[in-house]
file upload-v2.pdb (PDB, C-alpha atoms, pLDDT in the B column)
ATOM      1  CA  MET A   1      -5.877  23.454  17.947  1.00 60.00           C
ATOM      2  CA  ASP A   2      -4.485  26.025  20.369  1.00 63.00           C
ATOM      3  CA  SER A   3      -2.123  28.586  18.832  1.00 66.00           C
ATOM      4  CA  GLY A   4       0.620  27.415  21.201  1.00 84.00           C
ATOM      5  CA  GLU A   5       0.556  23.890  19.781  1.00 92.00           C
ATOM      6  CA  LYS A   6       2.750  22.494  17.020  1.00 95.00           C
ATOM      7  CA  THR A   7       1.207  19.847  14.773  1.00 96.00           C
ATOM      8  CA  VAL A   8       3.491  16.833  14.324  1.00 96.00           C
ATOM      9  CA  LEU A   9       0.971  14.460  12.709  1.00 97.00           C
ATOM     10  CA  GLY A  10      -1.946  15.521  10.563  1.00 97.00           C
ATOM     11  CA  GLU A  11      -4.902  13.475   9.384  1.00 97.00           C
ATOM     12  CA  GLY A  12      -3.106  11.858   6.454  1.00 98.00           C
ATOM     13  CA  GLU A  13       0.006  11.115   8.486  1.00 98.00           C
ATOM     14  CA  MET A  14      -2.047   9.493  11.243  1.00 98.00           C
ATOM     15  CA  ARG A  15      -3.828   7.350   8.681  1.00 98.00           C
ATOM     16  CA  ARG A  16      -0.543   6.233   7.129  1.00 98.00           C
ATOM     17  CA  ALA A  17       0.969   5.509  10.554  1.00 98.00           C
ATOM     18  CA  ILE A  18      -1.960   3.265  11.491  1.00 98.00           C
ATOM     19  CA  THR A  19      -1.743   1.495   8.134  1.00 98.00           C
ATOM     20  CA  ARG A  20       1.977   0.873   8.633  1.00 98.00           C
ATOM     21  CA  ILE A  21       1.407  -0.465  12.136  1.00 98.00           C
ATOM     22  CA  ALA A  22      -1.251  -2.856  10.808  1.00 98.00           C
ATOM     23  CA  HIS A  23       1.169  -4.224   8.211  1.00 97.00           C
ATOM     24  CA  GLU A  24       3.901  -4.607  10.835  1.00 97.00           C
ATOM     25  CA  ILE A  25       1.542  -6.540  13.112  1.00 97.00           C
ATOM     26  CA  VAL A  26       0.761  -8.954  10.261  1.00 95.00           C
ATOM     27  CA  GLU A  27       4.463  -9.382   9.435  1.00 95.00           C
ATOM     28  CA  ARG A  28       5.389 -10.158  13.034  1.00 94.00           C
ATOM     29  CA  ASN A  29       2.489 -12.512  13.602  1.00 92.00           C
ATOM     30  CA  PRO A  30       2.466 -14.790  10.543  1.00 86.00           C
ATOM     31  CA  GLY A  31      -0.286 -17.304  10.029  1.00 68.00           C
ATOM     32  CA  ALA A  32      -2.183 -19.083   7.293  1.00 34.00           C
ATOM     33  CA  SER A  33      -4.459 -16.184   6.358  1.00 45.00           C
ATOM     34  CA  ALA A  34      -4.345 -14.165   3.133  1.00 41.00           C
ATOM     35  CA  GLY A  35      -0.943 -15.419   2.001  1.00 39.00           C
ATOM     36  CA  HIS A  36       0.858 -14.333   5.162  1.00 37.00           C
ATOM     37  CA  GLY A  37       2.058 -17.843   6.044  1.00 37.00           C
ATOM     38  CA  ALA A  38       5.794 -17.242   5.780  1.00 35.00           C
ATOM     39  CA  ALA A  39       7.531 -16.904   9.108  1.00 33.00           C
ATOM     40  CA  THR A  40       9.063 -13.523   9.849  1.00 33.00           C
ATOM     41  CA  THR A  41      10.896 -11.933  12.709  1.00 32.00           C
ATOM     42  CA  THR A  42       9.039 -12.174  16.001  1.00 34.00           C
ATOM     43  CA  ALA A  43       8.391  -9.086  18.049  1.00 34.00           C
ATOM     44  CA  ALA A  44      10.874  -7.913  20.615  1.00 36.00           C
ATOM     45  CA  ALA A  45      10.018  -8.210  24.289  1.00 36.00           C
ATOM     46  CA  THR A  46       7.706  -5.402  25.291  1.00 38.00           C
ATOM     47  CA  THR A  47       9.151  -5.038  28.774  1.00 39.00           C
ATOM     48  CA  THR A  48      11.697  -6.841  30.845  1.00 35.00           C
ATOM     49  CA  THR A  49       9.528  -6.924  33.929  1.00 35.00           C
ATOM     50  CA  THR A  50       5.889  -7.192  32.958  1.00 38.00           C
ATOM     51  CA  THR A  51       5.538  -8.473  29.391  1.00 38.00           C
ATOM     52  CA  GLY A  52       9.024  -9.719  28.785  1.00 38.00           C
ATOM     53  CA  GLU A  53      10.210 -13.227  28.085  1.00 34.00           C
ATOM     54  CA  GLY A  54      10.310 -14.246  31.751  1.00 33.00           C
ATOM     55  CA  VAL A  55       6.619 -13.607  32.341  1.00 36.00           C
ATOM     56  CA  PRO A  56       4.142 -16.518  32.385  1.00 35.00           C
ATOM     57  CA  GLY A  57       2.329 -16.775  29.093  1.00 40.00           C
ATOM     58  CA  ASN A  58       4.985 -15.125  26.926  1.00 45.00           C
ATOM     59  CA  GLY A  59       6.542 -18.273  25.532  1.00 44.00           C
ATOM     60  CA  ASP A  60       9.208 -18.755  28.205  1.00 46.00           C
ATOM     61  CA  PRO A  61      10.543 -22.350  28.130  1.00 40.00           C
ATOM     62  CA  GLU A  62      11.220 -22.177  31.858  1.00 41.00           C
ATOM     63  CA  ASP A  63       7.543 -21.474  32.380  1.00 45.00           C
ATOM     64  CA  GLY A  64       6.607 -24.633  30.524  1.00 42.00           C
ATOM     65  CA  ASP A  65       4.634 -22.645  27.983  1.00 47.00           C
ATOM     66  CA  PRO A  66       3.810 -24.929  25.054  1.00 43.00           C
ATOM     67  CA  GLY A  67       3.535 -21.885  22.814  1.00 47.00           C
ATOM     68  CA  SER A  68       7.270 -21.220  22.913  1.00 47.00           C
ATOM     69  CA  GLY A  69       9.563 -22.051  20.042  1.00 51.00           C
ATOM     70  CA  GLY A  70       7.554 -20.702  17.108  1.00 63.00           C
ATOM     71  CA  PRO A  71       6.387 -17.376  15.702  1.00 68.00           C
ATOM     72  CA  PRO A  72       2.984 -16.038  16.779  1.00 72.00           C
ATOM     73  CA  ASP A  73       0.012 -17.038  14.633  1.00 70.00           C
ATOM     74  CA  SER A  74      -2.013 -14.227  13.081  1.00 65.00           C
ATOM     75  CA  ARG A  75      -5.148 -16.329  13.501  1.00 70.00           C
ATOM     76  CA  MET A  76      -4.776 -15.927  17.276  1.00 91.00           C
ATOM     77  CA  LEU A  77      -4.451 -12.139  17.191  1.00 96.00           C
ATOM     78  CA  ALA A  78      -6.621  -9.846  19.278  1.00 97.00           C
ATOM     79  CA  LEU A  79      -6.571  -6.098  19.921  1.00 98.00           C
ATOM     80  CA  VAL A  80      -7.268  -4.303  23.184  1.00 98.00           C
ATOM     81  CA  GLY A  81      -7.418  -0.516  23.235  1.00 98.00           C
ATOM     82  CA  ILE A  82      -6.818   1.607  26.324  1.00 97.00           C
ATOM     83  CA  HIS A  83      -9.564   4.148  27.014  1.00 92.00           C
ATOM     84  CA  ARG A  84     -10.151   6.565  25.677  1.00 90.00           C
ATOM     85  CA  ARG A  85      -8.348   7.338  22.448  1.00 96.00           C
ATOM     86  CA  GLY A  86      -6.450   4.084  22.373  1.00 97.00           C
ATOM     87  CA  ALA A  87      -9.797   2.317  22.055  1.00 97.00           C
ATOM     88  CA  PHE A  88     -10.663   4.284  18.912  1.00 97.00           C
ATOM     89  CA  LEU A  89      -7.208   3.682  17.427  1.00 98.00           C
ATOM     90  CA  ALA A  90      -7.601  -0.040  18.131  1.00 98.00           C
ATOM     91  CA  ARG A  91     -10.897  -0.038  16.237  1.00 98.00           C
ATOM     92  CA  ARG A  92      -9.176   1.487  13.207  1.00 98.00           C
ATOM     93  CA  LEU A  93      -6.398  -1.087  13.420  1.00 98.00           C
ATOM     94  CA  GLN A  94      -8.972  -3.868  13.630  1.00 98.00           C
ATOM     95  CA  SER A  95     -10.560  -2.725  10.365  1.00 97.00           C
ATOM     96  CA  GLN A  96      -7.221  -2.734   8.559  1.00 97.00           C
ATOM     97  CA  LEU A  97      -6.086  -6.057  10.019  1.00 97.00           C
ATOM     98  CA  GLU A  98      -9.309  -7.772   9.038  1.00 96.00           C
ATOM     99  CA  GLN A  99      -8.807  -6.599   5.460  1.00 96.00           C
ATOM    100  CA  LEU A 100      -5.197  -7.803   5.410  1.00 95.00           C
ATOM    101  CA  LEU A 101      -5.875 -11.154   7.079  1.00 94.00           C
ATOM    102  CA  GLU A 102      -9.320 -11.760   5.619  1.00 93.00           C
ATOM    103  CA  THR A 103     -10.532 -12.968   8.982  1.00 93.00           C
ATOM    104  CA  GLU A 104     -12.145 -11.509  12.088  1.00 95.00           C
ATOM    105  CA  VAL A 105      -9.829  -9.986  14.699  1.00 96.00           C
ATOM    106  CA  PRO A 106     -11.352  -9.783  18.197  1.00 97.00           C
ATOM    107  CA  LEU A 107     -11.414  -6.299  19.695  1.00 97.00           C
ATOM    108  CA  GLY A 108     -11.693  -5.225  23.310  1.00 97.00           C
ATOM    109  CA  ASP A 109     -11.108  -2.131  25.384  1.00 96.00           C
ATOM    110  CA  LEU A 110      -9.806  -1.546  28.880  1.00 96.00           C
ATOM    111  CA  ASP A 111     -10.299   1.114  31.503  1.00 92.00           C
ATOM    112  CA  ILE A 112      -7.175   1.146  33.663  1.00 90.00           C
ATOM    113  CA  GLY A 113      -8.123   3.998  36.018  1.00 81.00           C
ATOM    114  CA  PHE A 114      -8.073   1.921  39.210  1.00 75.00           C
ATOM    115  CA  TYR A 115      -5.072  -0.185  38.152  1.00 78.00           C
ATOM    116  CA  ARG A 116      -2.664   2.753  38.059  1.00 62.00           C
ATOM    117  CA  ASP A 117      -0.035   2.729  40.784  1.00 61.00           C
ATOM    118  CA  ASP A 118      -0.488   6.470  41.321  1.00 58.00           C
ATOM    119  CA  VAL A 119      -4.293   6.504  41.587  1.00 54.00           C
ATOM    120  CA  SER A 120      -4.212   7.341  45.308  1.00 52.00           C
ATOM    121  CA  ARG A 121      -1.875  10.289  44.673  1.00 55.00           C
ATOM    122  CA  ARG A 122      -3.991  11.972  42.039  1.00 50.00           C
ATOM    123  CA  PRO A 123      -6.046  14.951  43.232  1.00 54.00           C
ATOM    124  CA  ASP A 124      -9.081  13.988  41.157  1.00 59.00           C
ATOM    125  CA  ALA A 125     -10.888  10.665  41.076  1.00 48.00           C
ATOM    126  CA  PRO A 126     -10.257   8.791  37.806  1.00 51.00           C
ATOM    127  CA  VAL A 127     -12.924   8.994  35.124  1.00 55.00           C
ATOM    128  CA  VAL A 128     -14.241   5.445  34.843  1.00 57.00           C
ATOM    129  CA  HIS A 129     -15.215   3.823  31.536  1.00 62.00           C
ATOM    130  CA  ALA A 130     -16.503   0.282  31.208  1.00 79.00           C
ATOM    131  CA  SER A 131     -14.048  -2.361  29.995  1.00 89.00           C
ATOM    132  CA  HIS A 132     -15.181  -4.770  27.292  1.00 92.00           C
ATOM    133  CA  ILE A 133     -13.299  -7.983  26.538  1.00 95.00           C
ATOM    134  CA  ASP A 134     -15.843 -10.446  25.191  1.00 94.00           C
ATOM    135  CA  PHE A 135     -13.410 -13.075  23.923  1.00 95.00           C
ATOM    136  CA  ASP A 136     -11.118 -15.618  25.551  1.00 95.00           C
ATOM    137  CA  VAL A 137      -7.636 -14.112  25.866  1.00 96.00           C
ATOM    138  CA  ASP A 138      -6.017 -17.414  26.849  1.00 95.00           C
ATOM    139  CA  GLY A 139      -3.385 -18.477  24.346  1.00 94.00           C
ATOM    140  CA  ARG A 140      -3.798 -15.403  22.162  1.00 95.00           C
ATOM    141  CA  THR A 141      -1.344 -12.756  21.058  1.00 96.00           C
ATOM    142  CA  VAL A 142      -2.944  -9.604  22.431  1.00 97.00           C
ATOM    143  CA  VAL A 143      -1.825  -6.266  21.049  1.00 98.00           C
ATOM    144  CA  ILE A 144      -2.479  -3.460  23.518  1.00 98.00           C
ATOM    145  CA  VAL A 145      -3.121  -0.164  21.721  1.00 98.00           C
ATOM    146  CA  ASP A 146      -2.650   3.322  23.186  1.00 98.00           C
ATOM    147  CA  ASP A 147      -2.302   6.826  21.839  1.00 98.00           C
ATOM    148  CA  VAL A 148       0.834   8.064  23.626  1.00 97.00           C
ATOM    149  CA  LEU A 149       3.554   6.156  25.474  1.00 97.00           C
ATOM    150  CA  TYR A 150       5.197   8.271  28.157  1.00 96.00           C
ATOM    151  CA  THR A 151       6.267   6.974  31.585  1.00 94.00           C
ATOM    152  CA  GLY A 152       4.968   3.452  30.964  1.00 95.00           C
ATOM    153  CA  ARG A 153       2.648   3.432  33.971  1.00 93.00           C
ATOM    154  CA  THR A 154      -0.520   3.359  31.878  1.00 93.00           C
ATOM    155  CA  VAL A 155       0.745   0.344  29.948  1.00 96.00           C
ATOM    156  CA  ARG A 156       1.787  -1.451  33.132  1.00 95.00           C
ATOM    157  CA  ALA A 157      -1.717  -0.923  34.483  1.00 94.00           C
ATOM    158  CA  ALA A 158      -3.233  -2.191  31.225  1.00 96.00           C
ATOM    159  CA  ILE A 159      -1.171  -5.384  31.382  1.00 95.00           C
ATOM    160  CA  GLU A 160      -2.331  -5.993  34.952  1.00 94.00           C
ATOM    161  CA  ALA A 161      -5.948  -5.398  33.956  1.00 94.00           C
ATOM    162  CA  LEU A 162      -5.612  -7.680  30.915  1.00 96.00           C
ATOM    163  CA  PHE A 163      -4.328 -10.594  32.979  1.00 95.00           C
ATOM    164  CA  ASP A 164      -7.458 -10.388  35.103  1.00 94.00           C
ATOM    165  CA  TYR A 165      -9.257 -11.710  32.010  1.00 95.00           C
ATOM    166  CA  GLY A 166      -6.948 -14.667  31.369  1.00 95.00           C
ATOM    167  CA  ARG A 167      -3.490 -15.733  30.315  1.00 96.00           C
ATOM    168  CA  PRO A 168      -2.461 -14.532  26.843  1.00 96.00           C
ATOM    169  CA  ALA A 169       0.405 -16.309  25.123  1.00 95.00           C
ATOM    170  CA  ARG A 170       2.015 -12.999  24.227  1.00 96.00           C
ATOM    171  CA  VAL A 171       1.392  -9.329  24.872  1.00 97.00           C
ATOM    172  CA  GLN A 172       2.547  -6.731  22.371  1.00 97.00           C
ATOM    173  CA  LEU A 173       2.246  -2.952  22.466  1.00 98.00           C
ATOM    174  CA  ALA A 174       1.282  -0.561  19.672  1.00 98.00           C
ATOM    175  CA  VAL A 175       1.296   3.204  20.207  1.00 98.00           C
ATOM    176  CA  LEU A 176       0.632   6.079  17.863  1.00 98.00           C
ATOM    177  CA  ALA A 177       3.292   8.276  19.514  1.00 98.00           C
ATOM    178  CA  ASP A 178       6.249   7.486  21.769  1.00 98.00           C
ATOM    179  CA  ARG A 179       7.451  10.603  23.582  1.00 96.00           C
ATOM    180  CA  GLY A 180      10.119   8.938  25.740  1.00 95.00           C
ATOM    181  CA  HIS A 181      10.837   9.677  29.436  1.00 96.00           C
ATOM    182  CA  ARG A 182      10.115   6.131  30.595  1.00 96.00           C
ATOM    183  CA  GLU A 183       9.933   5.410  34.316  1.00 95.00           C
ATOM    184  CA  LEU A 184       9.392   1.672  33.818  1.00 95.00           C
ATOM    185  CA  PRO A 185      11.300  -0.736  31.509  1.00 96.00           C
ATOM    186  CA  ILE A 186       8.591  -0.830  28.855  1.00 96.00           C
ATOM    187  CA  ARG A 187       9.047  -0.314  25.134  1.00 95.00           C
ATOM    188  CA  PRO A 188       6.592  -0.625  22.265  1.00 98.00           C
ATOM    189  CA  ASP A 189       6.630  -3.238  19.516  1.00 98.00           C
ATOM    190  CA  TYR A 190       4.919  -0.893  17.047  1.00 98.00           C
ATOM    191  CA  VAL A 191       5.281   2.910  16.925  1.00 98.00           C
ATOM    192  CA  GLY A 192       3.554   5.377  14.639  1.00 97.00           C
ATOM    193  CA  LYS A 193       6.013   8.177  15.394  1.00 97.00           C
ATOM    194  CA  ASN A 194       8.793   8.803  17.892  1.00 97.00           C
ATOM    195  CA  LEU A 195       8.496  12.294  19.368  1.00 96.00           C
ATOM    196  CA  PRO A 196      11.519  13.808  21.117  1.00 93.00           C
ATOM    197  CA  THR A 197       9.980  15.917  23.891  1.00 94.00           C
ATOM    198  CA  SER A 198      10.860  17.530  27.166  1.00 94.00           C
ATOM    199  CA  ARG A 199       8.914  16.743  30.300  1.00 93.00           C
ATOM    200  CA  ALA A 200       7.630  20.309  30.253  1.00 93.00           C
ATOM    201  CA  GLU A 201       5.774  19.665  27.003  1.00 94.00           C
ATOM    202  CA  HIS A 202       2.352  18.070  26.527  1.00 95.00           C
ATOM    203  CA  VAL A 203       1.496  15.738  23.662  1.00 96.00           C
ATOM    204  CA  HIS A 204      -2.127  15.893  22.520  1.00 96.00           C
ATOM    205  CA  VAL A 205      -3.675  13.156  20.392  1.00 97.00           C
ATOM    206  CA  ARG A 206      -7.024  14.032  18.876  1.00 97.00           C
ATOM    207  CA  VAL A 207      -9.268  11.594  17.029  1.00 97.00           C
ATOM    208  CA  SER A 208     -12.258  12.475  14.903  1.00 97.00           C
ATOM    209  CA  GLU A 209     -14.585  10.207  16.881  1.00 96.00           C
ATOM    210  CA  LEU A 210     -14.092  12.331  20.014  1.00 94.00           C
ATOM    211  CA  ASP A 211     -12.529  15.588  18.898  1.00 96.00           C
ATOM    212  CA  GLY A 212     -13.768  16.095  15.357  1.00 97.00           C
ATOM    213  CA  ILE A 213     -10.216  16.049  13.970  1.00 97.00           C
ATOM    214  CA  ASP A 214      -7.293  13.649  13.587  1.00 98.00           C
ATOM    215  CA  GLU A 215      -4.000  15.162  14.712  1.00 97.00           C
ATOM    216  CA  VAL A 216      -1.085  14.926  17.132  1.00 97.00           C
ATOM    217  CA  THR A 217       0.312  18.132  18.552  1.00 97.00           C
ATOM    218  CA  ILE A 218       2.990  19.204  21.014  1.00 96.00           C
ATOM    219  CA  GLU A 219       2.326  22.045  23.421  1.00 94.00           C
ATOM    220  CA  ALA A 220       4.894  23.773  25.616  1.00 87.00           C
ATOM    221  CA  ALA A 221       3.814  23.803  29.274  1.00 68.00           C
ATOM    222  CA  THR A 222       5.272  24.427  32.685  1.00 57.00           C
ATOM    223  CA  VAL A 223       3.258  21.759  34.553  1.00 47.00           C
ATOM    224  CA  GLU A 224       4.429  18.176  34.142  1.00 48.00           C
ATOM    225  CA  ALA A 225       1.968  15.353  33.632  1.00 48.00           C
ATOM    226  CA  ASN A 226       2.268  11.584  34.186  1.00 50.00           C
ATOM    227  CA  ALA A 227       0.688   9.542  31.403  1.00 51.00           C
TER     228      ALA A 227
END
call {"tool": "encode", "arguments": {"input": "upload-v2.pdb", "output": "C-alpha cells"}}
result
Amino acid sequence: MDSGEKTVLGEGEMRRAITRIAHEIVERNPGASAGHGAATTTAAATTTTTTGEGVPGNGDPEDGDPGSGGPPDSRMLALVGIHRRGAFLARRLQSQLEQLLETEVPLGDLDIGFYRDDVSRRPDAPVVHASHIDFDVDGRTVVIVDDVLYTGRTVRAAIEALFDYGRPARVQLAVLADRGHRELPIRPDYVGKNLPTSRAEHVHVRVSELDGIDEVTIEAATVEANA
C-alpha cells in the first residue's frame, strides 16, 4: 500500500463483508434449499432505467412476465463477476452461497470493455479479458458482482453485455464498496461498505488472487477517474 493511502477495509473486514452479502442474497432470494424456504423481502430495483421494474425480464406485469408476483427462488440464482476484481469477488461469494444453500450456484464473468459508452473517448484501448457464461441465464436471478460502484457506467455496460446471453428474470447488483457520485440512476442491492469520497480521491480494491493482499484503500488524487 502506498503511504498516501488510507485503509478502510482490511482482510478480515473484507471477509466479513462478503459473508454478510452472501447471507443477504439468500434472504432476498428464498427457495427450498437448506431451510431457506420462508419468503422474505424482495430486492429493491437496481436501476430505474436499465434493471428496474419496467425492463423486460424483471417481473413487470405489463411485460407479461410470468415470473412476476412472487419472490425470487434461490434455486435459480447465478453470479456474474465483472473483470477483473469483481470476478474474484464473485467466486468467493459463490463458495459461501453454495455452503448456505447446499446446492450449486452457476458462476460467470464478463468483460465489459467494449460495452462502455465512453470507450471511444478513452486515450488507451481497453484491456480485453474473455467473458465466460456457460449456463442459461433465461429465467434466472443473476447477481452482478463488482468491486467498486462509482458513476454506474461499468454496471450499465455489464447489464447490456449480460442481456446478449439471454433474458434473466431479475438482475441484482452486489458491490464491495459504493463510493457514490452516480451519473446514471443505478443503485446496488447489496453493499459491503459505503465510502463517502470526493471525486478527487481514488478507491483501490486489492484481492489476494491478483495483488497478494485483501484490502480497500482511499487515495487522495488530483486527476479524476470514471469507473
call {"tool": "residues_around", "arguments": {"input": "upload-v2.pdb", "residues": "A:Gly152", "least_positions_apart": "2", "cutoff": "9 Å", "atoms": "only C-alpha atoms", "output": "PyMOL selection string"}}
result
chain A and resi 149-150+154-157+181-187+227
call {"tool": "residues_around", "arguments": {"input": "upload-v2.pdb", "residues": "A:Glu201", "least_positions_apart": "3", "cutoff": "7 Å", "atoms": "all atoms listed in the file", "output": "list in words"}}
result
Thr197, Ser198, Ile218, Glu219, Ala220 and Ala221 of chain A
call {"tool": "resolve_selection", "arguments": {"input": "upload-v2.pdb", "expression": "the PyMOL selection byres ((chain A and resi 214) around 10)", "output": "mmCIF file with C-alpha atoms, keeping the file's coordinate frame"}}
result
data_model
loop_
_atom_site.group_PDB
_atom_site.id
_atom_site.type_symbol
_atom_site.label_atom_id
_atom_site.label_comp_id
_atom_site.auth_asym_id
_atom_site.auth_seq_id
_atom_site.Cartn_x
_atom_site.Cartn_y
_atom_site.Cartn_z
ATOM 1 C CA LEU A 9 0.971 14.460 12.709
ATOM 2 C CA GLY A 10 -1.946 15.521 10.563
ATOM 3 C CA GLU A 11 -4.902 13.475 9.384
ATOM 4 C CA GLY A 12 -3.106 11.858 6.454
ATOM 5 C CA GLU A 13 0.006 11.115 8.486
ATOM 6 C CA MET A 14 -2.047 9.493 11.243
ATOM 7 C CA ARG A 15 -3.828 7.350 8.681
ATOM 8 C CA VAL A 205 -3.675 13.156 20.392
ATOM 9 C CA ARG A 206 -7.024 14.032 18.876
ATOM 10 C CA VAL A 207 -9.268 11.594 17.029
ATOM 11 C CA SER A 208 -12.258 12.475 14.903
ATOM 12 C CA GLU A 209 -14.585 10.207 16.881
ATOM 13 C CA LEU A 210 -14.092 12.331 20.014
ATOM 14 C CA ASP A 211 -12.529 15.588 18.898
ATOM 15 C CA GLY A 212 -13.768 16.095 15.357
ATOM 16 C CA ILE A 213 -10.216 16.049 13.970
ATOM 17 C CA GLU A 215 -4.000 15.162 14.712
ATOM 18 C CA VAL A 216 -1.085 14.926 17.132
#
call {"tool": "atom_distance", "arguments": {"input": "upload-v2.pdb", "atom1": "atom CA of A:Gly166", "atom2": "atom CA of A:Glu104"}}
result
20.2 Å
call {"tool": "residues_around", "arguments": {"input": "upload-v2.pdb", "residues": "A:Val145", "least_positions_apart": "2", "cutoff": "10 Å", "atoms": "only C-alpha atoms", "output": "ChimeraX atom specification"}}
result
/A:79-83,85-91,93,109-110,142-143,147-149,155,158,172-176,188,190
call {"tool": "write_last_selection", "arguments": {"input": "upload-v2.pdb", "atoms": "C-alpha atoms", "output": "tab-separated table (two decimals), in the frame of the given file"}}
result
chain	number	residue	atom	x	y	z
A	79	LEU	CA	-6.57	-6.10	19.92
A	80	VAL	CA	-7.27	-4.30	23.18
A	81	GLY	CA	-7.42	-0.52	23.24
A	82	ILE	CA	-6.82	1.61	26.32
A	83	HIS	CA	-9.56	4.15	27.01
A	85	ARG	CA	-8.35	7.34	22.45
A	86	GLY	CA	-6.45	4.08	22.37
A	87	ALA	CA	-9.80	2.32	22.06
A	88	PHE	CA	-10.66	4.28	18.91
A	89	LEU	CA	-7.21	3.68	17.43
A	90	ALA	CA	-7.60	-0.04	18.13
A	91	ARG	CA	-10.90	-0.04	16.24
A	93	LEU	CA	-6.40	-1.09	13.42
A	109	ASP	CA	-11.11	-2.13	25.38
A	110	LEU	CA	-9.81	-1.55	28.88
A	142	VAL	CA	-2.94	-9.60	22.43
A	143	VAL	CA	-1.82	-6.27	21.05
A	147	ASP	CA	-2.30	6.83	21.84
A	148	VAL	CA	0.83	8.06	23.63
A	149	LEU	CA	3.55	6.16	25.47
A	155	VAL	CA	0.74	0.34	29.95
A	158	ALA	CA	-3.23	-2.19	31.22
A	172	GLN	CA	2.55	-6.73	22.37
A	173	LEU	CA	2.25	-2.95	22.47
A	174	ALA	CA	1.28	-0.56	19.67
A	175	VAL	CA	1.30	3.20	20.21
A	176	LEU	CA	0.63	6.08	17.86
A	188	PRO	CA	6.59	-0.62	22.26
A	190	TYR	CA	4.92	-0.89	17.05
call {"tool": "atom_distance", "arguments": {"input": "upload-v2.pdb", "atom1": "atom CA of A:Phe114", "atom2": "atom CA of A:Arg167"}}
result
20.3 Å
call {"tool": "atom_distance", "arguments": {"input": "upload-v2.pdb", "atom1": "atom CA of A:Lys6", "atom2": "atom CA of A:Val191"}}
result
19.7 Å
call {"tool": "axis_aligned_box", "arguments": {"input": "upload-v2.pdb", "around": "stretch 173-176 of chain A", "padding_each_side": "4 Å", "output": "lines of an AutoDock Vina configuration file"}}
result
center_x = 1.4
center_y = 1.6
center_z = 20.2
size_x = 9.6
size_y = 17.0
size_z = 12.6
call {"tool": "residues_around", "arguments": {"input": "upload-v2.pdb", "residues": "stretch 105-107 of chain A", "least_positions_apart": "6", "cutoff": "7 Å", "atoms": "only C-alpha atoms", "output": "PyMOL selection string"}}
result
chain A and resi 77-80+94+98+135
